[in-house]
Amino acid sequence: MGLLKRSYWFYGAVALVLLLALGGLITGFILLGDSWFQLLIAAGLGIVLTQFAFLAHEAGHRQILTTGPASDRLARILAAGIVGISFSWWTTKHTRHHGNPNRVGKDPDIEVDTIRFLEADAAKVSGVMSFITRRQGWLFFPLLTLEGLNLHVLGLKHLFSRGEVKARWQELALITVRFALLLTALFMFLPVGMAFAFLGVQLAVFGVYMGAAFAPNHKGMPIIAADAKLDFFSKQVYTSRNIRGGWWASALMGGLNYQVEHHLFPSMPRPALAKAREVVIDQCETLNVKYTETGLIESYAIVIAYLNKVGLAARDPFDCHMIAQFRKA
């Protein structure tokens, strides 16, 4: 069907729109000067940087260019040079996720973090952390305000880690130049307090947008046991969730709304995913494999409910162990 052909015009147009948006934000930053309206520029920058992260994700999957080395160079420039996160760290983690989505012990996206995605992990939590875990569904979006900072920190930890890291010095140079330009502009043209507020708003919006785009894809979908055996098609479809909305959802989420098709055809360009969806749905009906698709708001409700359910496994720090034993009896 030709759905794996590159879509140069589409990605060229997206890149042009994002560069114009970035240029507009820089112009607005200069014209506003010492004004708290700069926080609107900060929020806009968080949104535009998330869109650049989507492009980096697609470049890393070979959706934009044809060759691997060229795709990696483009993804590295977008991720490290513009967004400020390590492409090497991301591709190491993301490759493992694509190979085994939602599989215990193999998918890094469900490993222990501030949020617990498995009841077995939640059950091990105690003390103050249990308060957060037991309410982690409700706290999920507030916690995402810190995810932007977390992504930068995790990338730097990877780049400064021991062992072999691909393009370590290139990424460190890109990230250093990127942050030097941003921080110099902020602290030269804005008062110190306003500069920190600008940075905080930008990171918060970036973190919430990134989390809100990636969370609906797999959270709350079936978890695969470590020793389970599933064929590739079933494994990818059962664990992925699509978001209804067509072109607007695709623009909002960088094509991640077609998560099922993306996992089946990782190198397929964004514009072709809608047509692939029709083929995949037919195949799912033929093979009797459940195909999941929901609205965006509904997906968030599912994610929150799932995280709250998992969080209930966390130990209550005020529970008496002796009383708990009698309750079991």
# chains A, B, ... in the order shown; residues from 1 in each chain; ligands from 1
call {"tool": "select_by_dssp", "arguments": {"residues": "stretch 4-228 of chain A", "states": "helix (DSSP H, G or I)", "output": "ChimeraX atom specification"}}
result
/A:8-32,38-60,68-83,87-99,108-110,119-122,128-133,136-144,147-159,168-189,192-217
call {"tool": "closest_atom_pairs", "arguments": {"of": "stretch 239-302 of chain A", "to": "stretch 57-69 of chain A", "cutoff": "9 Å", "atoms": "only C-alpha atoms", "output": "tab-separated table"}}
result
residue	atom	partner	partner_atom	distance
A:Gly254	CA	A:Glu58	CA	8.6
A:Gly255	CA	A:Glu58	CA	8.9
A:Pro266	CA	A:His61	CA	6.0
A:Ser267	CA	A:Gln63	CA	4.6
A:Met268	CA	A:Gln63	CA	5.5
A:Pro269	CA	A:Gln63	CA	4.7
A:Arg270	CA	A:Gln63	CA	7.5
call {"tool": "write_last_selection", "arguments": {"atoms": "all heavy atoms", "output": "PDB file, in the first residue's frame"}}
result
ATOM      1  N   GLY A 254       1.429  14.197  18.403  1.00  0.00           N
ATOM      2  CA  GLY A 254       2.568  13.817  17.579  1.00  0.00           C
ATOM      3  C   GLY A 254       2.444  12.434  16.965  1.00  0.00           C
ATOM      4  O   GLY A 254       3.449  11.748  16.753  1.00  0.00           O
ATOM      5  N   GLY A 255       1.221  12.002  16.673  1.00  0.00           N
ATOM      6  CA  GLY A 255       1.000  10.685  16.078  1.00  0.00           C
ATOM      7  C   GLY A 255       0.911   9.562  17.096  1.00  0.00           C
ATOM      8  O   GLY A 255       0.621   8.408  16.740  1.00  0.00           O
ATOM      9  N   PRO A 266       6.865   0.583  13.569  1.00  0.00           N
ATOM     10  CA  PRO A 266       7.542   1.715  14.217  1.00  0.00           C
ATOM     11  C   PRO A 266       8.133   2.740  13.255  1.00  0.00           C
ATOM     12  O   PRO A 266       8.271   3.907  13.614  1.00  0.00           O
ATOM     13  CB  PRO A 266       8.660   1.031  15.024  1.00  0.00           C
ATOM     14  CG  PRO A 266       8.188  -0.362  15.228  1.00  0.00           C
ATOM     15  CD  PRO A 266       7.432  -0.709  13.985  1.00  0.00           C
ATOM     16  N   SER A 267       8.483   2.345  12.036  1.00  0.00           N
ATOM     17  CA  SER A 267       9.095   3.280  11.092  1.00  0.00           C
ATOM     18  C   SER A 267       8.080   3.912  10.140  1.00  0.00           C
ATOM     19  O   SER A 267       8.463   4.638   9.222  1.00  0.00           O
ATOM     20  CB  SER A 267      10.185   2.569  10.272  1.00  0.00           C
ATOM     21  OG  SER A 267       9.624   1.540   9.473  1.00  0.00           O
ATOM     22  N   MET A 268       6.804   3.659  10.349  1.00  0.00           N
ATOM     23  CA  MET A 268       5.777   4.226   9.472  1.00  0.00           C
ATOM     24  C   MET A 268       5.580   5.714   9.766  1.00  0.00           C
ATOM     25  O   MET A 268       5.365   6.095  10.921  1.00  0.00           O
ATOM     26  CB  MET A 268       4.452   3.484   9.645  1.00  0.00           C
ATOM     27  CG  MET A 268       3.340   3.973   8.717  1.00  0.00           C
ATOM     28  SD  MET A 268       1.827   2.979   8.868  1.00  0.00           S
ATOM     29  CE  MET A 268       2.365   1.459   8.070  1.00  0.00           C
ATOM     30  N   PRO A 269       5.625   6.587   8.755  1.00  0.00           N
ATOM     31  CA  PRO A 269       5.430   8.025   8.969  1.00  0.00           C
ATOM     32  C   PRO A 269       4.055   8.336   9.538  1.00  0.00           C
ATOM     33  O   PRO A 269       3.088   7.603   9.301  1.00  0.00           O
ATOM     34  CB  PRO A 269       5.588   8.611   7.562  1.00  0.00           C
ATOM     35  CG  PRO A 269       6.386   7.604   6.814  1.00  0.00           C
ATOM     36  CD  PRO A 269       5.967   6.274   7.362  1.00  0.00           C
ATOM     37  N   ARG A 270       3.976   9.424  10.270  1.00  0.00           N
ATOM     38  CA  ARG A 270       2.740   9.817  10.947  1.00  0.00           C
ATOM     39  C   ARG A 270       1.528   9.893  10.014  1.00  0.00           C
ATOM     40  O   ARG A 270       0.454   9.398  10.384  1.00  0.00           O
ATOM     41  CB  ARG A 270       2.938  11.160  11.653  1.00  0.00           C
ATOM     42  CG  ARG A 270       1.831  11.504  12.635  1.00  0.00           C
ATOM     43  CD  ARG A 270       1.896  12.952  13.115  1.00  0.00           C
ATOM     44  NE  ARG A 270       3.198  13.354  13.610  1.00  0.00           N
ATOM     45  CZ  ARG A 270       3.460  14.575  14.070  1.00  0.00           C
ATOM     46  NH1 ARG A 270       2.482  15.489  14.121  1.00  0.00           N
ATOM     47  NH2 ARG A 270       4.679  14.902  14.491  1.00  0.00           N
TER      48      ARG A 270
END
call {"tool": "residues_around", "arguments": {"residues": "A:Ala21", "least_positions_apart": "2", "cutoff": "12 Å", "atoms": "only C-alpha atoms", "output": "PDB file with C-alpha atoms, in the first residue's frame"}}
result
ATOM      1  CA  VAL A  14       5.786  20.477  10.537  1.00  0.00           C
ATOM      2  CA  ALA A  15       9.409  21.548  11.067  1.00  0.00           C
ATOM      3  CA  LEU A  16       8.747  24.900   9.385  1.00  0.00           C
ATOM      4  CA  VAL A  17       5.685  25.582  11.559  1.00  0.00           C
ATOM      5  CA  LEU A  18       7.623  24.707  14.721  1.00  0.00           C
ATOM      6  CA  LEU A  19      10.599  26.872  13.744  1.00  0.00           C
ATOM      7  CA  GLY A  23      10.964  32.316  16.324  1.00  0.00           C
ATOM      8  CA  GLY A  24       7.709  33.980  17.356  1.00  0.00           C
ATOM      9  CA  LEU A  25       8.306  33.047  21.005  1.00  0.00           C
ATOM     10  CA  ILE A  26      11.843  34.459  20.897  1.00  0.00           C
ATOM     11  CA  THR A  27      10.534  37.667  19.344  1.00  0.00           C
ATOM     12  CA  GLY A  28       7.807  37.894  21.985  1.00  0.00           C
ATOM     13  CA  ILE A  41       5.994  32.802  26.596  1.00  0.00           C
ATOM     14  CA  GLY A  44       4.308  28.414  24.880  1.00  0.00           C
ATOM     15  CA  LEU A  45       7.962  27.335  24.866  1.00  0.00           C
ATOM     16  CA  GLY A  46       7.064  24.237  26.881  1.00  0.00           C
ATOM     17  CA  ILE A  47       4.445  23.312  24.260  1.00  0.00           C
ATOM     18  CA  VAL A  48       6.739  23.932  21.276  1.00  0.00           C
ATOM     19  CA  LEU A  49       9.612  21.963  22.848  1.00  0.00           C
ATOM     20  CA  GLN A  51       6.343  19.135  19.707  1.00  0.00           C
ATOM     21  CA  PHE A  52      10.068  19.087  18.866  1.00  0.00           C
TER      22      PHE A  52
END
call {"tool": "residues_around", "arguments": {"residues": "stretch 198-213 of chain A", "least_positions_apart": "6", "cutoff": "6 Å", "atoms": "only C-alpha atoms", "output": "PyMOL selection string"}}
result
chain A and resi 39+42-43+46+50+144-145+147-148+253
call {"tool": "residues_around", "arguments": {"residues": "A:Ile281", "least_positions_apart": "2", "cutoff": "10 Å", "atoms": "only C-alpha atoms", "output": "MDAnalysis selection string"}}
result
chainID A and resid 260:261 276:279 283:287 289:292
call {"tool": "write_last_selection", "arguments": {"atoms": "N, CA and C atoms", "output": "PDB file, in the first residue's frame"}}
result
ATOM      1  N   VAL A 260      -1.275   1.689  18.539  1.00  0.00           N
ATOM      2  CA  VAL A 260      -1.291   0.297  18.080  1.00  0.00           C
ATOM      3  C   VAL A 260      -0.506   0.180  16.776  1.00  0.00           C
ATOM      4  N   GLU A 261      -0.834   1.030  15.827  1.00  0.00           N
ATOM      5  CA  GLU A 261      -0.165   0.983  14.520  1.00  0.00           C
ATOM      6  C   GLU A 261       1.310   1.346  14.650  1.00  0.00           C
ATOM      7  N   ALA A 276      -3.278   2.796   7.983  1.00  0.00           N
ATOM      8  CA  ALA A 276      -2.859   1.505   8.533  1.00  0.00           C
ATOM      9  C   ALA A 276      -3.853   1.024   9.589  1.00  0.00           C
ATOM     10  N   ARG A 277      -4.467   1.969  10.296  1.00  0.00           N
ATOM     11  CA  ARG A 277      -5.435   1.629  11.336  1.00  0.00           C
ATOM     12  C   ARG A 277      -6.566   0.770  10.769  1.00  0.00           C
ATOM     13  N   GLU A 278      -7.066   1.107   9.586  1.00  0.00           N
ATOM     14  CA  GLU A 278      -8.164   0.347   8.975  1.00  0.00           C
ATOM     15  C   GLU A 278      -7.747  -1.093   8.702  1.00  0.00           C
ATOM     16  N   VAL A 279      -6.512  -1.266   8.233  1.00  0.00           N
ATOM     17  CA  VAL A 279      -5.998  -2.610   7.939  1.00  0.00           C
ATOM     18  C   VAL A 279      -5.844  -3.407   9.227  1.00  0.00           C
ATOM     19  N   GLN A 283      -7.614  -6.936  10.560  1.00  0.00           N
ATOM     20  CA  GLN A 283      -6.815  -8.093  10.950  1.00  0.00           C
ATOM     21  C   GLN A 283      -7.155  -8.542  12.370  1.00  0.00           C
ATOM     22  N   CYS A 284      -7.414  -7.587  13.245  1.00  0.00           N
ATOM     23  CA  CYS A 284      -7.791  -7.927  14.623  1.00  0.00           C
ATOM     24  C   CYS A 284      -9.112  -8.688  14.659  1.00  0.00           C
ATOM     25  N   GLU A 285     -10.059  -8.272  13.833  1.00  0.00           N
ATOM     26  CA  GLU A 285     -11.337  -8.969  13.754  1.00  0.00           C
ATOM     27  C   GLU A 285     -11.148 -10.384  13.223  1.00  0.00           C
ATOM     28  N   THR A 286     -10.250 -10.534  12.252  1.00  0.00           N
ATOM     29  CA  THR A 286      -9.980 -11.852  11.668  1.00  0.00           C
ATOM     30  C   THR A 286      -9.343 -12.796  12.692  1.00  0.00           C
ATOM     31  N   LEU A 287      -8.407 -12.260  13.475  1.00  0.00           N
ATOM     32  CA  LEU A 287      -7.666 -13.086  14.438  1.00  0.00           C
ATOM     33  C   LEU A 287      -8.295 -13.092  15.827  1.00  0.00           C
ATOM     34  N   VAL A 289      -8.428 -10.624  18.018  1.00  0.00           N
ATOM     35  CA  VAL A 289      -7.536  -9.930  18.952  1.00  0.00           C
ATOM     36  C   VAL A 289      -8.176  -8.598  19.315  1.00  0.00           C
ATOM     37  N   LYS A 290      -8.309  -8.306  20.592  1.00  0.00           N
ATOM     38  CA  LYS A 290      -8.985  -7.090  21.031  1.00  0.00           C
ATOM     39  C   LYS A 290      -8.205  -5.842  20.633  1.00  0.00           C
ATOM     40  N   TYR A 291      -8.879  -4.919  19.964  1.00  0.00           N
ATOM     41  CA  TYR A 291      -8.297  -3.637  19.542  1.00  0.00           C
ATOM     42  C   TYR A 291      -8.908  -2.546  20.416  1.00  0.00           C
ATOM     43  N   THR A 292      -8.076  -1.801  21.129  1.00  0.00           N
ATOM     44  CA  THR A 292      -8.570  -0.816  22.088  1.00  0.00           C
ATOM     45  C   THR A 292      -8.407   0.606  21.564  1.00  0.00           C
TER      46      THR A 292
END
call {"tool": "residues_around", "arguments": {"residues": "A:Gly155", "least_positions_apart": "3", "cutoff": "10 Å", "atoms": "only C-alpha atoms", "output": "ChimeraX atom specification"}}
result
/A:80,84-90,150-152,158-161,171-172,175
call {"tool": "write_last_selection", "arguments": {"atoms": "all heavy atoms", "output": "compact mmCIF listing (two decimals), in the first residue's frame"}}
result
# COMPACT_ATOMS: atom_id res chain seq x y z
N ALA A 80 18.78 16.61 21.86
CA ALA A 80 19.79 17.23 22.72
C ALA A 80 19.94 18.72 22.45
O ALA A 80 20.03 19.52 23.38
CB ALA A 80 21.12 16.52 22.53
N GLY A 84 16.87 19.42 24.78
CA GLY A 84 17.76 19.39 25.93
C GLY A 84 17.81 18.08 26.67
O GLY A 84 18.23 18.02 27.83
N ILE A 85 17.36 16.98 26.04
CA ILE A 85 17.43 15.67 26.68
C ILE A 85 18.33 14.75 25.85
O ILE A 85 18.53 14.96 24.65
CB ILE A 85 16.03 15.03 26.84
CG1 ILE A 85 15.36 14.83 25.48
CG2 ILE A 85 15.15 15.89 27.74
CD1 ILE A 85 14.01 14.14 25.57
N SER A 86 18.87 13.73 26.48
CA SER A 86 19.81 12.83 25.81
C SER A 86 19.09 11.86 24.89
O SER A 86 18.24 11.07 25.34
CB SER A 86 20.61 12.05 26.86
OG SER A 86 21.33 10.99 26.25
N PHE A 87 19.44 11.87 23.61
CA PHE A 87 18.87 10.91 22.66
C PHE A 87 19.41 9.51 22.93
O PHE A 87 18.68 8.53 22.80
CB PHE A 87 19.21 11.33 21.22
CG PHE A 87 18.82 10.32 20.19
CD1 PHE A 87 17.49 10.05 19.92
CD2 PHE A 87 19.79 9.61 19.49
CE1 PHE A 87 17.12 9.10 18.97
CE2 PHE A 87 19.44 8.67 18.54
CZ PHE A 87 18.11 8.41 18.27
N SER A 88 20.65 9.42 23.34
CA SER A 88 21.26 8.12 23.64
C SER A 88 20.52 7.44 24.79
O SER A 88 20.23 6.24 24.74
CB SER A 88 22.73 8.31 24.00
OG SER A 88 23.31 7.08 24.38
N TRP A 89 20.21 8.21 25.84
CA TRP A 89 19.45 7.66 26.96
C TRP A 89 18.06 7.22 26.50
O TRP A 89 17.60 6.13 26.83
CB TRP A 89 19.32 8.71 28.07
CG TRP A 89 18.25 8.38 29.06
CD1 TRP A 89 18.31 7.45 30.06
CD2 TRP A 89 16.92 8.93 29.12
NE1 TRP A 89 17.11 7.40 30.75
CE2 TRP A 89 16.25 8.30 30.19
CE3 TRP A 89 16.25 9.91 28.38
CZ2 TRP A 89 14.93 8.61 30.52
CZ3 TRP A 89 14.95 10.23 28.71
CH2 TRP A 89 14.30 9.59 29.77
N TRP A 90 17.41 8.08 25.74
CA TRP A 90 16.04 7.79 25.31
C TRP A 90 15.99 6.54 24.44
O TRP A 90 15.14 5.67 24.65
CB TRP A 90 15.46 8.98 24.53
CG TRP A 90 14.14 8.65 23.90
CD1 TRP A 90 12.91 8.71 24.49
CD2 TRP A 90 13.92 8.16 22.57
NE1 TRP A 90 11.94 8.30 23.60
CE2 TRP A 90 12.53 7.95 22.42
CE3 TRP A 90 14.76 7.90 21.49
CZ2 TRP A 90 11.97 7.49 21.24
CZ3 TRP A 90 14.21 7.43 20.32
CH2 TRP A 90 12.83 7.23 20.20
N ASN A 150 12.91 15.95 35.48
CA ASN A 150 13.35 14.56 35.61
C ASN A 150 13.96 14.04 34.31
O ASN A 150 14.99 13.34 34.33
CB ASN A 150 12.16 13.69 36.02
CG ASN A 150 12.57 12.27 36.34
OD1 ASN A 150 13.56 12.03 37.03
ND2 ASN A 150 11.82 11.31 35.84
N LEU A 151 13.37 14.38 33.18
CA LEU A 151 13.89 13.92 31.89
C LEU A 151 15.28 14.48 31.61
O LEU A 151 16.16 13.77 31.10
CB LEU A 151 12.94 14.32 30.76
CG LEU A 151 11.58 13.61 30.74
CD1 LEU A 151 10.67 14.21 29.66
CD2 LEU A 151 11.75 12.12 30.50
N HIS A 152 15.49 15.75 31.96
CA HIS A 152 16.81 16.35 31.78
C HIS A 152 17.84 15.67 32.69
O HIS A 152 18.95 15.35 32.25
CB HIS A 152 16.76 17.85 32.10
CG HIS A 152 15.97 18.65 31.12
ND1 HIS A 152 16.27 18.67 29.77
CD2 HIS A 152 14.89 19.45 31.27
CE1 HIS A 152 15.41 19.47 29.14
NE2 HIS A 152 14.56 19.95 30.03
N HIS A 158 22.77 9.51 32.51
CA HIS A 158 23.18 8.52 31.51
C HIS A 158 24.47 8.94 30.83
O HIS A 158 25.40 8.13 30.65
CB HIS A 158 22.06 8.34 30.48
CG HIS A 158 22.44 7.47 29.32
ND1 HIS A 158 22.48 6.09 29.40
CD2 HIS A 158 22.80 7.78 28.04
CE1 HIS A 158 22.84 5.58 28.24
NE2 HIS A 158 23.04 6.59 27.39
N LEU A 159 24.56 10.20 30.44
CA LEU A 159 25.74 10.69 29.71
C LEU A 159 26.99 10.71 30.59
O LEU A 159 28.11 10.56 30.09
CB LEU A 159 25.47 12.09 29.15
CG LEU A 159 24.44 12.16 28.03
CD1 LEU A 159 24.17 13.62 27.65
CD2 LEU A 159 24.89 11.38 26.81
N PHE A 160 26.83 10.89 31.90
CA PHE A 160 27.97 10.91 32.82
C PHE A 160 28.23 9.55 33.46
O PHE A 160 29.13 9.42 34.29
CB PHE A 160 27.74 11.95 33.92
CG PHE A 160 27.97 13.37 33.47
CD1 PHE A 160 26.91 14.24 33.33
CD2 PHE A 160 29.25 13.81 33.16
CE1 PHE A 160 27.12 15.55 32.91
CE2 PHE A 160 29.47 15.11 32.73
CZ PHE A 160 28.41 15.99 32.60
N SER A 161 27.46 8.55 33.06
CA SER A 161 27.64 7.22 33.63
C SER A 161 28.88 6.54 33.07
O SER A 161 29.42 6.93 32.02
CB SER A 161 26.42 6.35 33.35
OG SER A 161 26.26 6.14 31.94
N GLU A 171 26.47 14.83 22.47
CA GLU A 171 25.25 15.19 23.17
C GLU A 171 25.53 16.16 24.33
O GLU A 171 24.76 17.11 24.55
CB GLU A 171 24.54 13.93 23.67
CG GLU A 171 23.99 13.08 22.55
CD GLU A 171 22.97 12.06 23.02
OE1 GLU A 171 22.54 12.15 24.20
OE2 GLU A 171 22.60 11.19 22.23
N LEU A 172 26.62 15.93 25.05
CA LEU A 172 26.96 16.84 26.13
C LEU A 172 27.23 18.25 25.59
O LEU A 172 26.83 19.25 26.20
CB LEU A 172 28.19 16.33 26.88
CG LEU A 172 27.93 15.20 27.89
CD1 LEU A 172 29.25 14.67 28.45
CD2 LEU A 172 27.03 15.68 29.02
N ILE A 175 23.78 19.77 24.55
CA ILE A 175 22.98 20.13 25.72
C ILE A 175 23.58 21.34 26.43
O ILE A 175 22.86 22.24 26.88
CB ILE A 175 22.87 18.93 26.68
CG1 ILE A 175 22.00 17.83 26.04
CG2 ILE A 175 22.28 19.34 28.02
CD1 ILE A 175 21.96 16.54 26.83
call {"tool": "closest_residue", "arguments": {"among": "A:Ala225, A:Ala305, A:Leu154, A:Ala313", "to": "A:Leu139", "atoms": "only C-alpha atoms"}}
result
A:Ala305
call {"tool": "closest_residue", "arguments": {"among": "A:Ala79, A:Leu182, A:Ala249, A:Ala301", "to": "A:Ala195", "atoms": "only C-alpha atoms"}}
result
A:Leu182
call {"tool": "residues_around", "arguments": {"residues": "A:Leu78", "least_positions_apart": "2", "cutoff": "8 Å", "atoms": "only C-alpha atoms", "output": "list in words"}}
result
Phe52, Ala53, Leu55, Ala56, Leu74, Ala75, Arg76, Ala80, Gly81, Ile82 and Val83 of chain A
call {"tool": "decode", "arguments": {"residues": "stretch 3-26 of chain A", "atoms": "N, CA, C and O atoms", "output": "JSON list (two decimals), in the first residue's frame"}}
result
[["chain", "number", "residue", "atom", "x", "y", "z"],
["A", 3, "LEU", "N", 2.53, 2.55, 2.44],
["A", 3, "LEU", "CA", 2.39, 3.34, 3.66],
["A", 3, "LEU", "C", 3.71, 3.54, 4.41],
["A", 3, "LEU", "O", 3.78, 4.33, 5.35],
["A", 4, "LEU", "N", 4.76, 2.84, 4.00],
["A", 4, "LEU", "CA", 6.06, 3.01, 4.64],
["A", 4, "LEU", "C", 6.97, 4.00, 3.91],
["A", 4, "LEU", "O", 8.11, 4.21, 4.32],
["A", 5, "LYS", "N", 6.46, 4.60, 2.83],
["A", 5, "LYS", "CA", 7.25, 5.60, 2.11],
["A", 5, "LYS", "C", 7.42, 6.85, 2.97],
["A", 5, "LYS", "O", 6.53, 7.22, 3.74],
["A", 6, "ARG", "N", 8.58, 7.53, 2.83],
["A", 6, "ARG", "CA", 8.84, 8.73, 3.61],
["A", 6, "ARG", "C", 7.89, 9.86, 3.21],
["A", 6, "ARG", "O", 7.49, 9.98, 2.05],
["A", 7, "SER", "N", 7.55, 10.70, 4.17],
["A", 7, "SER", "CA", 6.64, 11.84, 3.93],
["A", 7, "SER", "C", 7.41, 13.14, 4.13],
["A", 7, "SER", "O", 7.19, 13.87, 5.11],
["A", 8, "TYR", "N", 8.33, 13.42, 3.20],
["A", 8, "TYR", "CA", 9.22, 14.56, 3.37],
["A", 8, "TYR", "C", 8.47, 15.89, 3.43],
["A", 8, "TYR", "O", 8.81, 16.77, 4.23],
["A", 9, "TRP", "N", 7.44, 16.05, 2.60],
["A", 9, "TRP", "CA", 6.70, 17.32, 2.58],
["A", 9, "TRP", "C", 5.98, 17.54, 3.90],
["A", 9, "TRP", "O", 5.94, 18.67, 4.42],
["A", 10, "PHE", "N", 5.41, 16.49, 4.43],
["A", 10, "PHE", "CA", 4.70, 16.62, 5.70],
["A", 10, "PHE", "C", 5.65, 17.04, 6.81],
["A", 10, "PHE", "O", 5.38, 18.01, 7.55],
["A", 11, "TYR", "N", 6.76, 16.32, 6.98],
["A", 11, "TYR", "CA", 7.68, 16.64, 8.06],
["A", 11, "TYR", "C", 8.39, 17.96, 7.83],
["A", 11, "TYR", "O", 8.73, 18.67, 8.79],
["A", 12, "GLY", "N", 8.61, 18.32, 6.57],
["A", 12, "GLY", "CA", 9.17, 19.63, 6.27],
["A", 12, "GLY", "C", 8.23, 20.73, 6.72],
["A", 12, "GLY", "O", 8.66, 21.75, 7.28],
["A", 13, "ALA", "N", 6.93, 20.53, 6.46],
["A", 13, "ALA", "CA", 5.92, 21.53, 6.86],
["A", 13, "ALA", "C", 5.83, 21.63, 8.38],
["A", 13, "ALA", "O", 5.74, 22.73, 8.94],
["A", 14, "VAL", "N", 5.85, 20.47, 9.07],
["A", 14, "VAL", "CA", 5.79, 20.48, 10.54],
["A", 14, "VAL", "C", 6.99, 21.20, 11.12],
["A", 14, "VAL", "O", 6.87, 22.03, 12.03],
["A", 15, "ALA", "N", 8.18, 20.90, 10.58],
["A", 15, "ALA", "CA", 9.41, 21.55, 11.07],
["A", 15, "ALA", "C", 9.35, 23.06, 10.84],
["A", 15, "ALA", "O", 9.76, 23.84, 11.71],
["A", 16, "LEU", "N", 8.85, 23.47, 9.69],
["A", 16, "LEU", "CA", 8.75, 24.90, 9.39],
["A", 16, "LEU", "C", 7.81, 25.60, 10.37],
["A", 16, "LEU", "O", 8.12, 26.69, 10.88],
["A", 17, "VAL", "N", 6.66, 24.99, 10.63],
["A", 17, "VAL", "CA", 5.69, 25.58, 11.56],
["A", 17, "VAL", "C", 6.30, 25.71, 12.96],
["A", 17, "VAL", "O", 6.15, 26.75, 13.62],
["A", 18, "LEU", "N", 7.02, 24.67, 13.39],
["A", 18, "LEU", "CA", 7.62, 24.71, 14.72],
["A", 18, "LEU", "C", 8.75, 25.74, 14.81],
["A", 18, "LEU", "O", 8.89, 26.44, 15.83],
["A", 19, "LEU", "N", 9.53, 25.87, 13.75],
["A", 19, "LEU", "CA", 10.60, 26.87, 13.74],
["A", 19, "LEU", "C", 10.02, 28.28, 13.76],
["A", 19, "LEU", "O", 10.54, 29.17, 14.44],
["A", 20, "LEU", "N", 8.93, 28.49, 13.02],
["A", 20, "LEU", "CA", 8.26, 29.79, 13.03],
["A", 20, "LEU", "C", 7.68, 30.08, 14.42],
["A", 20, "LEU", "O", 7.75, 31.21, 14.91],
["A", 21, "ALA", "N", 7.10, 29.05, 15.05],
["A", 21, "ALA", "CA", 6.55, 29.22, 16.39],
["A", 21, "ALA", "C", 7.66, 29.56, 17.38],
["A", 21, "ALA", "O", 7.50, 30.45, 18.23],
["A", 22, "LEU", "N", 8.80, 28.88, 17.26],
["A", 22, "LEU", "CA", 9.94, 29.15, 18.14],
["A", 22, "LEU", "C", 10.46, 30.57, 17.90],
["A", 22, "LEU", "O", 10.76, 31.30, 18.88],
["A", 23, "GLY", "N", 10.54, 30.96, 16.63],
["A", 23, "GLY", "CA", 10.96, 32.32, 16.32],
["A", 23, "GLY", "C", 10.01, 33.36, 16.88],
["A", 23, "GLY", "O", 10.43, 34.41, 17.38],
["A", 24, "GLY", "N", 8.71, 33.07, 16.81],
["A", 24, "GLY", "CA", 7.71, 33.98, 17.36],
["A", 24, "GLY", "C", 7.84, 34.12, 18.87],
["A", 24, "GLY", "O", 7.71, 35.23, 19.41],
["A", 25, "LEU", "N", 8.14, 33.01, 19.55],
["A", 25, "LEU", "CA", 8.31, 33.05, 21.00],
["A", 25, "LEU", "C", 9.55, 33.86, 21.38],
["A", 25, "LEU", "O", 9.52, 34.62, 22.36],
["A", 26, "ILE", "N", 10.62, 33.69, 20.63],
["A", 26, "ILE", "CA", 11.84, 34.46, 20.90],
["A", 26, "ILE", "C", 11.59, 35.95, 20.69],
["A", 26, "ILE", "O", 12.01, 36.79, 21.50]]
